[in-house]
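S.K.: Coordinates in protein_27.txt, compact mmCIF, C-alpha atoms, are listed below.
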```txt
# COMPACT_ATOMS: atom_id res chain seq x y z
CA MET A 1395 116.35 97.76 38.37
CA LEU A 1396 112.68 97.06 37.74
CA LEU A 1397 110.41 96.23 40.66
CA LYS A 1398 108.11 93.28 40.14
CA PHE A 1399 104.70 93.21 41.73
CA SER A 1400 102.29 90.37 42.06
CA THR A 1401 98.91 90.59 40.37
CA THR A 1402 97.25 91.28 43.72
CA THR A 1403 99.65 94.11 44.51
CA ARG A 1404 99.07 95.69 41.10
CA TYR A 1405 95.31 95.62 41.65
CA VAL A 1406 95.71 97.19 45.10
CA VAL A 1407 97.89 99.98 43.68
CA LEU A 1408 95.40 100.55 40.85
CA VAL A 1409 92.46 100.78 43.27
CA LEU A 1410 94.41 103.25 45.45
CA LEU A 1411 95.26 105.44 42.46
CA ILE A 1412 91.63 105.44 41.27
CA THR A 1413 90.41 106.26 44.79
CA LEU A 1414 92.88 109.14 45.13
CA GLY A 1415 91.87 110.42 41.71
CA ILE A 1416 88.17 110.40 42.59
CA HIS A 1417 88.94 112.05 45.94
CA SER A 1418 90.92 114.80 44.23
CA ILE A 1419 88.12 115.46 41.73
CA LEU A 1420 85.44 115.55 44.43
CA SER A 1421 87.56 117.80 46.67
CA PHE A 1422 87.87 120.33 43.85
CA THR A 1423 84.30 120.20 42.55
CA HIS A 1424 82.32 119.71 45.78
CA GLU A 1425 83.10 122.28 48.44
CA ASP A 1426 81.42 120.45 51.33
CA TYR A 1427 83.20 117.18 50.51
CA GLY A 1428 86.54 118.98 50.35
CA ARG A 1429 85.99 120.53 53.74
CA ALA A 1430 84.81 117.34 55.39
CA THR A 1431 87.72 115.26 54.13
CA SER A 1432 90.46 117.84 54.49
CA PHE A 1433 93.44 116.93 56.64
CA SER A 1434 92.82 119.98 58.84
CA ASN A 1435 89.24 118.90 59.47
CA ILE A 1436 90.27 115.35 60.35
CA ALA A 1437 93.06 116.68 62.56
CA SER A 1438 90.63 118.96 64.36
CA LYS A 1439 88.71 115.92 65.63
CA MET A 1440 91.78 114.59 67.42
CA PRO A 1441 91.91 115.04 71.18
CA TRP A 1442 94.96 117.33 71.01
CA SER A 1443 93.31 119.76 68.58
CA SER A 1444 91.17 121.86 70.92
CA GLY A 1445 92.09 125.53 70.80
CA SER A 1446 92.57 128.16 73.43
CA PHE A 1447 90.41 131.20 74.00
CA GLU A 1448 93.18 133.16 75.66
CA SER A 1449 93.54 135.36 72.58
CA PHE A 1450 90.16 137.06 72.64
CA GLU A 1451 89.56 140.35 74.41
CA LYS A 1452 86.87 140.23 77.08
CA VAL A 1453 84.24 142.95 77.30
CA PRO A 1454 84.81 144.82 80.60
CA GLU A 1455 82.30 144.35 83.40
CA GLU A 1456 81.14 147.96 83.41
CA TYR A 1457 79.41 147.49 80.03
CA PHE A 1458 76.97 144.93 81.44
CA VAL A 1459 73.70 145.90 83.09
CA PRO A 1460 71.95 143.58 85.59
CA ARG A 1461 68.68 141.85 84.80
CA PRO A 1462 65.76 142.20 84.91
CA ASN A 1463 65.27 145.44 83.02
CA THR A 1464 62.58 146.10 80.43
CA THR A 1465 63.67 149.65 79.64
CA ILE A 1466 66.65 150.88 77.68
CA MET A 1467 69.72 149.60 79.48
CA GLY A 1468 73.01 151.26 80.21
CA ASP A 1469 74.02 154.71 81.39
CA GLY A 1470 71.91 156.62 78.88
CA ARG A 1471 74.61 156.84 76.22
CA ARG A 1472 73.74 155.58 72.77
CA ALA A 1473 75.92 154.99 69.77
CA ASN A 1474 75.07 156.39 66.36
CA ALA A 1475 74.10 152.95 65.09
CA THR A 1476 71.53 150.86 63.27
CA LEU A 1477 70.63 147.21 62.78
CA LEU A 1478 70.85 146.53 59.03
CA MET A 1479 69.30 143.85 56.85
CA LEU A 1480 69.41 143.36 53.09
CA ALA A 1481 66.37 141.24 52.23
CA ARG A 1482 63.82 140.38 49.57
CA ASN A 1483 60.07 140.32 50.01
CA SER A 1484 60.16 136.54 49.67
CA ASP A 1485 62.46 136.41 52.72
CA VAL A 1486 59.75 137.71 55.03
CA ASP A 1487 59.35 134.57 57.18
CA SER A 1488 63.08 134.07 57.75
CA ALA A 1489 63.63 137.82 58.16
CA VAL A 1490 60.98 138.00 60.87
CA ARG A 1491 62.58 135.08 62.73
CA SER A 1492 66.01 136.74 62.67
CA VAL A 1493 64.62 140.08 63.81
CA ARG A 1494 62.55 138.52 66.57
CA GLU A 1495 65.53 136.59 67.95
CA LEU A 1496 67.80 139.63 68.00
CA GLU A 1497 65.03 141.70 69.55
CA ASP A 1498 64.50 139.11 72.29
CA ARG A 1499 68.20 138.66 72.96
CA PHE A 1500 69.39 142.25 72.58
CA ASN A 1501 67.39 145.05 71.05
CA SER A 1502 64.28 145.00 73.22
CA LYS A 1503 66.66 146.32 75.92
CA PHE A 1504 68.45 148.90 73.76
CA ARG A 1505 65.96 149.77 71.01
CA TYR A 1506 68.29 150.65 68.21
CA PRO A 1507 66.61 151.47 64.89
CA TRP A 1508 66.28 148.90 62.13
CA LEU A 1509 66.98 149.62 58.47
CA PHE A 1510 65.93 147.25 55.68
CA LEU A 1511 67.21 147.47 52.10
CA ASN A 1512 65.85 145.79 48.99
CA GLU A 1513 66.45 146.05 45.23
CA VAL A 1514 62.67 146.42 44.77
CA PRO A 1515 60.14 148.21 47.04
CA PHE A 1516 59.19 146.28 50.16
CA SER A 1517 55.68 144.92 50.17
CA ASP A 1518 53.07 146.04 52.67
CA GLU A 1519 53.04 142.49 54.02
CA PHE A 1520 56.80 142.59 54.70
CA LYS A 1521 56.47 145.93 56.50
CA ARG A 1522 53.48 144.75 58.52
CA ARG A 1523 55.20 141.56 59.65
CA ILE A 1524 58.45 143.32 60.57
CA GLY A 1525 56.64 146.15 62.31
CA ASN A 1526 54.97 143.62 64.56
CA VAL A 1527 58.25 142.39 66.08
CA VAL A 1528 60.57 145.42 66.28
CA SER A 1529 60.89 147.54 69.42
CA GLY A 1530 62.48 150.64 67.91
CA PRO A 1531 62.14 152.82 64.82
CA VAL A 1532 62.27 151.12 61.42
CA GLU A 1533 63.00 152.39 57.91
CA TYR A 1534 62.80 150.73 54.51
CA GLY A 1535 65.08 151.71 51.63
CA LEU A 1536 65.37 150.98 47.93
CA VAL A 1537 68.81 150.09 46.60
CA PRO A 1538 69.74 152.36 43.67
CA SER A 1539 69.86 150.34 40.46
CA GLU A 1540 73.28 151.75 39.57
CA HIS A 1541 74.63 150.26 42.81
CA TRP A 1542 73.04 146.85 42.33
CA PHE A 1543 73.19 145.66 38.75
CA GLN A 1544 76.20 144.48 36.78
CA PRO A 1545 78.00 147.51 35.29
CA GLN A 1546 77.70 147.99 31.54
CA TRP A 1547 81.49 147.98 31.12
CA ILE A 1548 81.73 144.33 32.17
CA ASP A 1549 82.56 142.06 29.22
CA GLU A 1550 79.44 139.88 29.29
CA GLU A 1551 80.92 137.21 27.05
CA ARG A 1552 83.84 136.78 29.43
CA ALA A 1553 81.54 136.88 32.49
CA THR A 1554 79.20 134.30 30.98
CA ALA A 1555 82.07 131.96 30.20
CA SER A 1556 83.27 132.26 33.80
CA ARG A 1557 79.82 131.52 35.21
CA ASN A 1558 79.39 128.52 32.93
CA LYS A 1559 82.75 127.12 34.02
CA MET A 1560 81.83 127.51 37.69
CA VAL A 1561 78.53 125.73 37.08
CA GLU A 1562 80.44 122.86 35.44
CA ASP A 1563 82.71 122.76 38.49
CA ASN A 1564 79.71 122.70 40.87
CA ILE A 1565 80.80 125.88 42.64
CA ILE A 1566 78.06 127.23 44.87
CA TYR A 1567 76.31 130.28 43.32
CA GLY A 1568 78.69 129.81 40.38
CA GLY A 1569 76.04 130.66 37.80
CA SER A 1570 74.24 133.38 39.73
CA ILE A 1571 74.42 137.00 38.61
CA SER A 1572 72.20 138.18 41.48
CA TYR A 1573 74.61 136.68 44.03
CA ARG A 1574 77.46 138.57 42.41
CA ASN A 1575 75.38 141.76 42.48
CA MET A 1576 74.83 141.26 46.20
CA CYS A 1577 78.52 140.61 46.91
CA ARG A 1578 79.58 143.72 45.03
CA TYR A 1579 76.89 145.81 46.72
CA ASN A 1580 77.86 144.63 50.19
CA SER A 1581 81.52 145.22 49.38
CA GLY A 1582 81.34 148.77 48.18
CA PHE A 1583 77.93 150.40 48.12
CA PHE A 1584 75.62 149.68 51.07
CA TYR A 1585 77.26 152.31 53.29
CA ARG A 1586 76.66 154.92 50.59
CA HIS A 1587 72.88 154.54 50.78
CA PRO A 1588 71.19 157.85 51.67
CA LEU A 1589 69.37 156.32 54.66
CA LEU A 1590 72.68 155.12 56.13
CA GLN A 1591 74.45 158.46 55.93
CA GLN A 1592 73.10 159.43 59.35
CA TYR A 1593 74.83 156.45 61.02
CA LYS A 1594 78.38 155.51 61.91
CA TRP A 1595 77.88 151.94 63.16
CA TYR A 1596 75.87 148.99 61.85
CA TRP A 1597 75.13 145.45 62.92
CA ARG A 1598 74.57 143.31 59.84
CA VAL A 1599 71.74 140.80 60.23
CA GLU A 1600 70.60 138.36 57.59
CA PRO A 1601 67.35 136.40 57.17
CA ASP A 1602 67.38 132.94 58.72
CA VAL A 1603 70.12 133.44 61.29
CA HIS A 1604 69.96 132.70 64.99
CA PHE A 1605 71.15 134.44 68.15
CA HIS A 1606 71.66 131.95 70.95
CA CYS A 1607 72.66 134.16 73.89
CA ASP A 1608 71.44 137.25 75.70
CA VAL A 1609 73.51 140.32 74.89
CA ASP A 1610 73.23 142.47 78.03
CA TYR A 1611 75.66 145.16 76.97
CA ASP A 1612 75.92 147.56 74.05
CA PRO A 1613 78.50 146.25 71.54
CA PHE A 1614 78.39 149.53 69.62
CA LEU A 1615 79.51 151.52 72.67
CA TYR A 1616 82.17 148.94 73.45
CA MET A 1617 83.53 149.25 69.91
CA GLU A 1618 83.43 153.03 70.02
CA ASP A 1619 85.06 153.37 73.43
CA ASN A 1620 87.86 150.96 72.59
CA ASP A 1621 88.82 152.23 69.13
CA LYS A 1622 87.51 149.16 67.27
CA VAL A 1623 86.41 149.22 63.66
CA TYR A 1624 85.32 145.64 62.91
CA GLY A 1625 83.75 142.82 64.94
CA PHE A 1626 83.14 139.16 64.02
CA THR A 1627 81.96 135.84 65.47
CA ILE A 1628 83.00 133.26 62.86
CA THR A 1629 86.13 133.01 60.73
CA MET A 1630 86.77 130.43 58.02
CA TYR A 1631 88.52 129.66 54.75
CA GLU A 1632 87.24 131.07 51.49
CA TYR A 1633 86.59 128.74 48.56
CA MET A 1634 89.69 129.67 46.58
CA ALA A 1635 88.22 128.72 43.19
CA THR A 1636 85.98 131.79 43.51
CA ILE A 1637 88.82 134.29 44.00
CA PRO A 1638 91.83 133.09 41.97
CA THR A 1639 93.18 136.59 41.23
CA LEU A 1640 91.95 138.52 44.27
CA TRP A 1641 95.18 138.35 46.28
CA ASP A 1642 97.35 139.34 43.34
CA THR A 1643 95.03 142.32 42.85
CA VAL A 1644 95.38 143.24 46.52
CA LYS A 1645 99.16 143.02 46.32
CA GLU A 1646 99.13 145.25 43.25
CA PHE A 1647 97.08 147.82 45.16
CA THR A 1648 99.29 147.78 48.26
CA ARG A 1649 102.44 148.10 46.14
CA ASP A 1650 100.95 151.27 44.68
CA HIS A 1651 99.64 152.51 48.05
CA PRO A 1652 101.87 151.33 50.91
CA GLU A 1653 100.72 154.36 52.90
CA TYR A 1654 97.37 152.67 53.57
CA VAL A 1655 98.82 149.54 55.19
CA ALA A 1656 98.59 149.87 58.97
CA LYS A 1657 101.43 149.10 61.33
CA ASP A 1658 100.76 146.09 63.57
CA ASN A 1659 98.09 144.83 61.19
CA ALA A 1660 96.64 141.31 60.96
CA MET A 1661 98.63 140.07 57.95
CA GLY A 1662 99.74 137.03 59.96
CA TYR A 1663 96.10 135.93 60.22
CA MET A 1664 95.44 135.78 56.47
CA SER A 1665 98.86 134.82 55.14
CA ASP A 1666 101.23 132.04 56.16
CA ASN A 1667 104.22 133.57 54.40
CA SER A 1668 104.22 137.29 55.21
CA GLY A 1669 101.86 138.20 52.41
CA ASP A 1670 103.32 136.31 49.49
CA SER A 1671 100.11 134.28 49.22
CA TYR A 1672 96.64 134.34 50.76
CA ASN A 1673 95.60 131.42 52.94
CA GLY A 1674 91.89 132.11 52.38
CA CYS A 1675 91.05 133.13 55.95
CA HIS A 1676 88.25 135.64 56.28
CA PHE A 1677 85.64 136.84 58.73
CA TRP A 1678 82.21 135.46 57.82
CA SER A 1679 80.52 138.72 56.93
CA ASN A 1680 76.88 137.69 57.36
CA PHE A 1681 77.61 138.83 60.93
CA GLU A 1682 79.38 142.17 61.16
CA ILE A 1683 79.40 144.90 63.76
CA ALA A 1684 81.50 147.58 62.16
CA SER A 1685 82.19 151.23 61.54
CA MET A 1686 80.95 152.61 58.26
CA ASP A 1687 83.47 155.42 58.68
CA PHE A 1688 86.12 152.77 58.03
CA TRP A 1689 84.48 151.78 54.74
CA ARG A 1690 83.94 155.43 53.85
CA GLY A 1691 87.57 156.31 54.56
CA GLU A 1692 90.25 157.07 52.00
CA ALA A 1693 92.03 153.70 52.20
CA TYR A 1694 88.99 151.48 51.75
CA SER A 1695 87.44 153.73 49.10
CA ALA A 1696 90.60 153.60 46.97
CA TYR A 1697 90.91 149.84 47.59
CA PHE A 1698 87.35 149.01 46.57
CA ASP A 1699 87.45 151.22 43.50
CA PHE A 1700 90.69 149.52 42.39
CA LEU A 1701 89.21 146.04 42.92
CA ASP A 1702 86.03 147.00 41.12
CA THR A 1703 87.90 148.10 37.98
CA LYS A 1704 89.35 144.58 37.67
CA GLY A 1705 85.88 143.06 37.26
CA GLY A 1706 86.54 140.16 39.62
CA PHE A 1707 83.07 140.36 41.15
CA TYR A 1708 81.74 139.16 37.76
CA TYR A 1709 84.68 137.50 35.98
CA GLU A 1710 85.25 135.40 39.09
CA ARG A 1711 82.99 135.38 42.15
CA TRP A 1712 84.65 137.69 44.64
CA GLY A 1713 82.68 137.77 47.88
CA ASP A 1714 82.23 140.65 50.28
CA ALA A 1715 83.63 138.48 53.11
CA PRO A 1716 87.21 138.26 51.78
CA VAL A 1717 87.03 141.80 50.37
CA HIS A 1718 86.02 143.23 53.77
CA SER A 1719 88.29 140.93 55.76
CA ILE A 1720 91.43 141.66 53.77
CA ALA A 1721 90.78 145.39 54.10
CA ALA A 1722 90.21 145.21 57.85
CA ALA A 1723 93.29 143.03 58.30
CA LEU A 1724 95.52 145.37 56.26
CA PHE A 1725 94.21 148.89 56.84
CA ALA A 1726 93.39 148.61 60.55
CA ARG A 1727 95.57 147.58 63.47
CA LYS A 1728 94.88 144.06 64.62
CA ASP A 1729 93.68 145.36 68.00
CA GLN A 1730 90.96 147.31 66.18
CA ILE A 1731 89.33 144.02 65.15
CA HIS A 1732 87.23 142.35 67.84
CA PHE A 1733 86.14 138.73 68.24
CA PHE A 1734 82.73 138.67 69.96
CA ASN A 1735 83.10 135.45 71.91
CA ASN A 1736 80.04 136.16 74.04
CA ILE A 1737 77.57 136.61 71.15
CA GLY A 1738 76.19 133.19 70.27
CA TYR A 1739 75.44 133.21 66.56
CA GLU A 1740 74.36 130.72 63.90
CA HIS A 1741 74.19 130.91 60.14
CA ASN A 1742 73.49 127.44 58.82
CA PRO A 1743 75.51 125.26 58.83
CA TYR A 1744 77.95 126.93 61.27
CA THR A 1745 77.49 128.11 64.83
CA HIS A 1746 79.65 130.14 67.16
CA CYS A 1747 78.85 129.28 70.78
CA PRO A 1748 80.72 131.03 73.61
CA ARG A 1749 83.45 128.92 75.17
CA GLY A 1750 84.07 129.26 78.85
CA ASP A 1751 81.33 128.75 81.37
CA ALA A 1752 81.24 132.39 82.45
CA ASP A 1753 80.16 133.81 79.07
CA TRP A 1754 77.91 130.87 78.26
CA GLU A 1755 76.06 130.98 81.59
CA ARG A 1756 75.84 134.76 81.74
CA GLY A 1757 74.26 134.87 78.28
CA ARG A 1758 71.81 132.07 79.11
CA CYS A 1759 72.98 130.53 75.86
CA ALA A 1760 70.88 127.85 74.17
CA CYS A 1761 73.75 126.56 71.99
CA ASN A 1762 76.08 123.68 72.81
CA PRO A 1763 79.70 124.90 73.23
CA GLU A 1764 80.99 121.49 72.21
CA ARG A 1765 79.45 121.95 68.76
CA SER A 1766 80.89 125.43 68.20
CA PHE A 1767 82.60 125.90 64.84
CA ASP A 1768 85.49 127.89 66.33
CA TYR A 1769 88.13 125.17 66.14
CA ASP A 1770 86.61 123.03 63.44
CA GLY A 1771 89.03 122.00 60.71
CA TYR A 1772 87.59 124.57 58.30
CA SER A 1773 87.73 127.37 60.87
CA CYS A 1774 90.47 130.01 60.86
CA MET A 1775 90.32 130.63 64.61
CA ARG A 1776 93.78 129.17 65.08
CA GLN A 1777 95.16 131.63 62.53
CA TRP A 1778 93.50 134.46 64.43
CA ASP A 1779 94.92 133.17 67.74
CA ARG A 1780 98.48 132.99 66.44
CA ILE A 1781 98.86 136.73 65.81
CA TRP A 1782 98.48 137.59 69.50
```
Let me see the file written as structure tokens.

M.R.:
Amino acid sequence: MLLKFSTTTRYVVLVLLITLGIHSILSFTHEDYGRATSFSNIASKMPWSSGSFESFEKVPEEYFVPRPNTTIMGDGRRANATLLMLARNSDVDSAVRSVRELEDRFNSKFRYPWLFLNEVPFSDEFKRRIGNVVSGPVEYGLVPSEHWFQPQWIDEERATASRNKMVEDNIIYGGSISYRNMCRYNSGFFYRHPLLQQYKWYWRVEPDVHFHCDVDYDPFLYMEDNDKVYGFTITMYEYMATIPTLWDTVKEFTRDHPEYVAKDNAMGYMSDNSGDSYNGCHFWSNFEIASMDFWRGEAYSAYFDFLDTKGGFYYERWGDAPVHSIAAALFARKDQIHFFNNIGYEHNPYTHCPRGDADWERGRCACNPERSFDYDGYSCMRQWDRIW
């Protein structure tokens, strides 16, 4: 039986089909549009969508030191740690702002050393400007060229074709080789730098980020005392068009090396079907407080080397955020990963602001908790909550 539609109905159906087609194309080719119009983002704006913060582990009271105190705080113990920034000379203004904010909010009280890395030598101007705002020792390092540049064994014709396709699809950094160099370096090489060999812990800081709350305790000591290996403030979905074969590569590795997969891991955070597929959830790695011993360990070393041989950093656009996050979620217990609710942090366009009046007031936070990204539709905080 054929259905008959009036002319008006046919036009309405045609307009709907065209609209859906345009929406589908824009969702695939424009990342920000896809996020903004996703069902999960729309659902997150509904009154019933607010999440719970019951799942995060609070830092015990004994780690905090009362104000005011202009000397090094705490009980005299110090972790073997550094504040780490990968930057270019042209980043000097935004680097200085990030350093100054973290100094004012945290490091002027604890005076951990800073370490800056660059693919070319830092300029005297960069060193002078940074030296004017740091409170502790500072070192500047040159990234070895063999750790930074695209390996010679990469098929450049294949890599070029991939970059060109991503540019056509309007994928952010789709055509950039330098971005891929950075992602590969952050995934598998920074912790091998000679200047970092003396340290166990690092706090990754990037140019042009903001710290909105006072940090009146030592997160390095908290991590060390409580057997943590990785700490984060923001978790979100990866843009899956940049990592189409990453999860299959991970599954191939874990099939070959089941001995590296930790019991009571965080698989339920990054997969909705017990590991059959990857849901894209990762910790946003522009903020990391983590143990370099974890990256230097047998499991991660074998994992990174296996991933690197596949060429996905250049044939696709594998980022250090999913590479690090998947490793932490698989090779560490879930209780070794810490969500720093009380560190207010912003990397444009997303902000984590502490929820709960106690943390927000104690940190004298300048951010608005109601605008925190934590339970936005593109956030993976709900996936993190569900594994507890």

S.K.: At a cut-off of 10 Å, using all atoms listed in the file, what residues contact His1604 of chain A? Leave out same-chain residues fewer than 3 positions from it and give the result as a compact mmCIF listing (two decimals) with C-alpha atoms, in the frame of the given file.

M.R.:
```txt
# COMPACT_ATOMS: atom_id res chain seq x y z
CA ARG A 1491 62.58 135.08 62.73
CA SER A 1492 66.01 136.74 62.67
CA VAL A 1493 64.62 140.08 63.81
CA ARG A 1494 62.55 138.52 66.57
CA GLU A 1495 65.53 136.59 67.95
CA LEU A 1496 67.80 139.63 68.00
CA VAL A 1599 71.74 140.80 60.23
CA GLU A 1600 70.60 138.36 57.59
CA PRO A 1601 67.35 136.40 57.17
CA CYS A 1607 72.66 134.16 73.89
CA GLY A 1738 76.19 133.19 70.27
CA TYR A 1739 75.44 133.21 66.56
CA GLU A 1740 74.36 130.72 63.90
CA HIS A 1741 74.19 130.91 60.14
CA ASN A 1742 73.49 127.44 58.82
CA THR A 1745 77.49 128.11 64.83
```

S.K.: Which residue out of A:His1606, A:Arg1482, A:Lys1704, A:His1746 has the minimum interatomic distance to Thr1639 of chain A when all atoms listed in the file are used?

M.R.: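 Ranking A:His1606, A:Arg1482, A:Lys1704, A:His1746 by distance to Thr1639 of chain A, first place goes to A:Lys1704.
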
S.K.: Residues near Leu1724 of chain A, anyone? I mean within 12 Å using all atoms listed in the file, not counting same-chain ones fewer than 4 positions away, as a ChimeraX atom specification.

M.R.: /A:1644-1645,1647-1648,1651-1665,1668-1669,1693-1694,1697,1716-1720,1728-1731

S.K.: So how many Å separate atom CA of Phe1500 of chain A and atom CA of Asn1483 of chain A, to one decimal?

M.R.: 24.5 Å

S.K.: Give me the residues within 6 Å of segment 1513-1529 of chain A as an MDAnalysis selection string, counting all atoms listed in the file and dropping any in the same chain fewer than 2 places off.

M.R.: chainID A and resid 1486 1490 1494 1502 1505 1536:1537

S.K.: Could you rebuild segment 1695-1718 of chain A with N, CA and C atoms and give me the result as a short mmCIF file (atom, residue, chain, number, x, y, z; two decimals), in the frame of the given file?

M.R.:
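What ended up in result_10.cif:
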```
data_model
loop_
_atom_site.label_atom_id
_atom_site.label_comp_id
_atom_site.auth_asym_id
_atom_site.auth_seq_id
_atom_site.Cartn_x
_atom_site.Cartn_y
_atom_site.Cartn_z
N SER A 1695 88.07 153.22 50.33
CA SER A 1695 87.44 153.73 49.10
C SER A 1695 88.35 153.49 47.90
N ALA A 1696 89.65 153.81 48.07
CA ALA A 1696 90.60 153.60 46.97
C ALA A 1696 90.75 152.11 46.67
N TYR A 1697 90.77 151.30 47.72
CA TYR A 1697 90.91 149.84 47.59
C TYR A 1697 89.73 149.25 46.84
N PHE A 1698 88.51 149.58 47.25
CA PHE A 1698 87.35 149.01 46.57
C PHE A 1698 87.28 149.46 45.11
N ASP A 1699 87.52 150.73 44.88
CA ASP A 1699 87.45 151.22 43.50
C ASP A 1699 88.47 150.50 42.61
N PHE A 1700 89.66 150.23 43.16
CA PHE A 1700 90.69 149.52 42.39
C PHE A 1700 90.23 148.09 42.10
N LEU A 1701 89.71 147.40 43.12
CA LEU A 1701 89.21 146.04 42.92
C LEU A 1701 88.09 146.03 41.88
N ASP A 1702 87.20 146.99 41.99
CA ASP A 1702 86.03 147.00 41.12
C ASP A 1702 86.44 147.13 39.64
N THR A 1703 87.47 147.91 39.37
CA THR A 1703 87.90 148.10 37.98
C THR A 1703 88.42 146.80 37.36
N LYS A 1704 88.82 145.85 38.19
CA LYS A 1704 89.35 144.58 37.67
C LYS A 1704 88.23 143.63 37.23
N GLY A 1705 87.00 143.88 37.69
CA GLY A 1705 85.88 143.06 37.26
C GLY A 1705 85.75 141.72 37.93
N GLY A 1706 86.53 141.48 38.99
CA GLY A 1706 86.54 140.16 39.62
C GLY A 1706 85.24 139.76 40.28
N PHE A 1707 84.37 140.72 40.59
CA PHE A 1707 83.07 140.36 41.15
C PHE A 1707 82.25 139.58 40.13
N TYR A 1708 82.51 139.81 38.83
CA TYR A 1708 81.74 139.16 37.76
C TYR A 1708 82.56 138.17 36.94
N TYR A 1709 83.84 138.44 36.73
CA TYR A 1709 84.68 137.50 35.98
C TYR A 1709 85.08 136.31 36.83
N GLU A 1710 85.06 136.50 38.15
CA GLU A 1710 85.25 135.40 39.09
C GLU A 1710 84.00 135.40 39.98
N ARG A 1711 84.15 135.27 41.27
CA ARG A 1711 82.99 135.38 42.15
C ARG A 1711 83.45 135.92 43.50
N TRP A 1712 84.13 137.08 43.42
CA TRP A 1712 84.65 137.69 44.64
C TRP A 1712 83.50 137.96 45.61
N GLY A 1713 83.69 137.55 46.87
CA GLY A 1713 82.68 137.77 47.88
C GLY A 1713 83.02 138.95 48.76
N ASP A 1714 82.00 139.52 49.39
CA ASP A 1714 82.23 140.65 50.28
C ASP A 1714 82.99 140.22 51.53
N ALA A 1715 82.91 138.93 51.91
CA ALA A 1715 83.63 138.48 53.11
C ALA A 1715 85.14 138.61 52.95
N PRO A 1716 85.77 138.04 51.91
CA PRO A 1716 87.21 138.26 51.78
C PRO A 1716 87.57 139.70 51.46
N VAL A 1717 86.73 140.40 50.70
CA VAL A 1717 87.03 141.80 50.37
C VAL A 1717 87.05 142.65 51.64
N HIS A 1718 86.04 142.50 52.50
CA HIS A 1718 86.02 143.23 53.77
C HIS A 1718 87.15 142.78 54.69
#
```
